[in-house]
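Participant: My questions will all concern the structure given below.
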Amino acid sequence: MPAAVEVIDLQKRYGAVRAVDGITFSVAEGEVFGLLGHNGAGKTTTIRMLTGRARPTAGRAFVAGLDAVTDRDRVKPLINAIFEDPNLYDRFAGIENLRFFATLYGVRASRADELLELVGLRDAAKRKTKSYSSGMKQRLMIARSLINSPRVLFMDEPTRGLDPTSAREVRALIATLAREGTTIFLTTHYMEEADELCTRVAFLSQGRIVALDTPRELKLRYGQRTAAALLRDRTERVVRLDDPQDAATLAEWMRADQVLTIHSQEGTLEDVFVALAGRPL
Amino acid sequence: MRLRLPIVVAIFRKDVVDAIRDSRVLVSLLTPLVLAILYNSIFPEERLFEAKVAFTGPETSALVRTLDERAGQSVTLKLRHVDSEAEARRLVASEDVDAAFVLPPDVDDAVRQGRRPTITLIQPTNGSSAANFVSAGLEAGLRALSGQPPIATVAVERVQAGSPESGVLGELGARRYFVLATVVMMLGMIAVLAVPIVLTEEAEKKTLDALLLVANYREVILGKALVGVAYSAASVTLMLGLTRLRPVDIPTFITGTGLLAVALIGLGLLLGGLFKTAGQVYTWSSLVLLPIIGPAFVAGLPLPDALDVALRAFPTSQGMRIMTNGLAGKPLFTDAWISYAVLLVWVAIAYGLLAWRLARRES
């Protein structure tokens, strides 16, 4: 089975600026792949090239086994995207927005009603989208992105600017889509989001991939192996798991029933990113 | 790159609805419409003269019909049937009518049988144009009724007096001229204001990103251009209906209007690509509108030669010329081929540049 997304030495230059500087990776069918990086790291440019909205300066990109440049018209029906900023027709109702795209993709109009139900907007279907909250707009954009049942769904900062409740709802929707087999290509600033949703993540810095692996492997590789133990005397002690002396001390506390709680302190993706890119997101 | 008609039609239908919900577009459509209605009410209907004529005798006489037919579009003939000669005389005396005539009861048969009936023409002592018109009309009617051929054929030849186009405003009439200029203004506002707003807003609100996931640039641009064409066609039809303008030479009028609309829409699409926000379009297009609309309003006015030649380079000036000829049904503006050529050049320039920009964008 071909990879859902395959990128080989992809480059995009704007004059002297190398927005994307020779990246290579592949995303398997059904995977949730995260592309993380600062603003201007090249995430959105990468998505633009993969969705046929920008032509690469060099390198090749394949989506669903098709060349994203030369087979652009054949790729389009197989993909969809959610954008960083809400981009709905705000003088149209929610249902009108979806039906318009249903017509463009040549799918039945009733698909729009089904998707509104899926994202919990059935009651707001006939309201103009300019009256929607940020969370509602985001959910409607998710519904729109599913109108053609895409094999690969590109999501550019899908929870940016949302309140915690709305963000949680959107993450739940993404998780549902992933469980149902949609390949998801995600960019995000939120490391916890990537950690929660992604099977693998790539860190992009100045147009280059500086690390690519599962969140767990990255944390293990770049994080510290430590644990924080809360003792009966209410003091918290940090022990290094790869230090034999600390390990013996911890074992002693355990034997003496001194330990109330113990928490591993593996690194976070944020720590990994800081270690690799030099500054936090 | 493929051009998929269902996608173009979907974009067109969406934009037709979306544009009308945008107050800025609505204003650009309504302003010229209101102006045209205003011109229509300010300038009176142009007629050579109005003749109010009373008559007594058979209402269905062929002579009455002949008079009516001779009036045509140049004379507003208001015929009024009265019961008696005395009543007709009284109406002329009181100046309620300009003239009156009395037909014997069997006038048509009497003429056909050569019985030489008497028809009385009643006119004010100082005479009237209406009486002359009736007199001439009755004479022609009587000849026709008696089967006499005309004793001579009068050939009418018109000689252009003054500069060739100085009389366009006079010949077409102020009402028709200015309403027509407002039609051009409407085409300009749709093309240079409404169409760029529809296009720029798509980029400004980033809905274009979503659209381009399924459509390509050519389909999007064609959809927008069709919106301009549809609004132009509907607006011109509505305006002509509201102002009761009836083009005599409909094919010429439609060709001129269509060519001008297509050229202006091309320019509008180019203009849309220059701005980042619909607000900018709204602000700056107002300035662009002046040189676009202005030449149409002065196309039929006497101008200094240098200015006249310069203005003829503008599409609206040439569009106005073709449309004027179509409206009048005769070549009030000569050298129509130059007008067509100039418009075609504008169409080629606008869409050539558009194609070049699309090709660049797609690469």
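Going through the structure tokens in order, the chains are called A, B, and so on, while each chain numbers its residues from 1 and the ligands are numbered from 1 in the order shown.
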Please identify every residue of chain A that has at least one atom no more than 10 Å from any atom of chain B, counting only C-alpha atoms, and report them as a PyMOL selection string.

Facilitator: chain A and resi 48+51-57+69+72-92+96-97+100-106+141+144-145

Participant: Keeping only C-alpha atoms, write those residues as a PDB file, in the first residue's frame.

Facilitator:
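Here's the written file again_20.pdb:
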```
ATOM      1  CA  ARG A  48       0.190  24.500   0.620  1.00  0.00           C
ATOM      2  CA  THR A  51      -2.604  20.478  -1.270  1.00  0.00           C
ATOM      3  CA  GLY A  52      -1.638  21.816  -4.693  1.00  0.00           C
ATOM      4  CA  ARG A  53      -1.887  25.492  -3.796  1.00  0.00           C
ATOM      5  CA  ALA A  54       1.823  26.184  -4.195  1.00  0.00           C
ATOM      6  CA  ARG A  55       4.312  24.704  -6.609  1.00  0.00           C
ATOM      7  CA  PRO A  56       7.525  23.339  -5.049  1.00  0.00           C
ATOM      8  CA  THR A  57      10.801  24.901  -6.160  1.00  0.00           C
ATOM      9  CA  VAL A  69       2.054  18.797  -8.702  1.00  0.00           C
ATOM     10  CA  ARG A  72      -3.018  18.006  -8.927  1.00  0.00           C
ATOM     11  CA  ASP A  73      -6.504  17.645 -10.409  1.00  0.00           C
ATOM     12  CA  ARG A  74      -6.632  13.951  -9.444  1.00  0.00           C
ATOM     13  CA  VAL A  75      -5.313  14.607  -5.953  1.00  0.00           C
ATOM     14  CA  LYS A  76      -7.898  17.271  -5.152  1.00  0.00           C
ATOM     15  CA  PRO A  77     -10.930  14.977  -4.729  1.00  0.00           C
ATOM     16  CA  LEU A  78      -8.935  12.757  -2.354  1.00  0.00           C
ATOM     17  CA  ILE A  79      -7.887  15.421   0.118  1.00  0.00           C
ATOM     18  CA  ASN A  80      -9.295  18.275   2.120  1.00  0.00           C
ATOM     19  CA  ALA A  81      -7.992  20.798   4.604  1.00  0.00           C
ATOM     20  CA  ILE A  82      -8.804  22.872   7.631  1.00  0.00           C
ATOM     21  CA  PHE A  83      -7.123  26.222   7.671  1.00  0.00           C
ATOM     22  CA  GLU A  84      -5.443  28.260  10.347  1.00  0.00           C
ATOM     23  CA  ASP A  85      -8.007  31.072  10.152  1.00  0.00           C
ATOM     24  CA  PRO A  86     -11.768  30.610   9.910  1.00  0.00           C
ATOM     25  CA  ASN A  87     -12.597  30.974   6.219  1.00  0.00           C
ATOM     26  CA  LEU A  88     -16.317  30.547   5.871  1.00  0.00           C
ATOM     27  CA  TYR A  89     -18.778  32.499   3.755  1.00  0.00           C
ATOM     28  CA  ASP A  90     -20.128  34.613   6.571  1.00  0.00           C
ATOM     29  CA  ARG A  91     -23.195  35.894   4.741  1.00  0.00           C
ATOM     30  CA  PHE A  92     -24.224  32.281   4.231  1.00  0.00           C
ATOM     31  CA  GLU A  96     -25.439  26.874   2.782  1.00  0.00           C
ATOM     32  CA  ASN A  97     -21.675  26.783   3.263  1.00  0.00           C
ATOM     33  CA  PHE A 100     -21.983  24.865  -1.741  1.00  0.00           C
ATOM     34  CA  PHE A 101     -18.955  22.660  -1.185  1.00  0.00           C
ATOM     35  CA  ALA A 102     -21.073  19.543  -1.626  1.00  0.00           C
ATOM     36  CA  THR A 103     -21.974  20.887  -5.086  1.00  0.00           C
ATOM     37  CA  LEU A 104     -18.332  21.653  -5.869  1.00  0.00           C
ATOM     38  CA  TYR A 105     -17.256  18.134  -4.925  1.00  0.00           C
ATOM     39  CA  GLY A 106     -20.259  16.601  -6.635  1.00  0.00           C
ATOM     40  CA  MET A 141     -14.766  23.937   9.000  1.00  0.00           C
ATOM     41  CA  ARG A 144     -16.656  21.155   5.451  1.00  0.00           C
ATOM     42  CA  SER A 145     -13.351  19.315   5.306  1.00  0.00           C
TER      43      SER A 145
END
```

Participant: Would you mind listing what lies within 9 Å of Pro251 (chain B) as a CSV table (one decimal) with N, CA and C atoms, in the first residue's frame, with only C-alpha atoms counted and same-chain residues fewer than 4 positions away left out?

Facilitator:
```csv
chain,number,residue,atom,x,y,z
B,255,THR,N,-25.0,43.9,-29.0
B,255,THR,CA,-23.6,43.7,-29.3
B,255,THR,C,-22.7,44.7,-28.6
B,256,GLY,N,-23.1,46.0,-28.7
B,256,GLY,CA,-22.3,47.0,-28.0
B,256,GLY,C,-22.3,46.9,-26.5
B,326,GLY,N,-27.5,51.8,-31.7
B,326,GLY,CA,-28.5,50.7,-31.6
B,326,GLY,C,-29.8,51.3,-31.0
```

Participant: Can you tell me how far CA of Arg13 (chain A) sits from CA of Leu35 (chain A), in Å to one decimal?

Facilitator: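 CA of Leu35 (chain A) lies 19.1 Å from CA of Arg13 (chain A).
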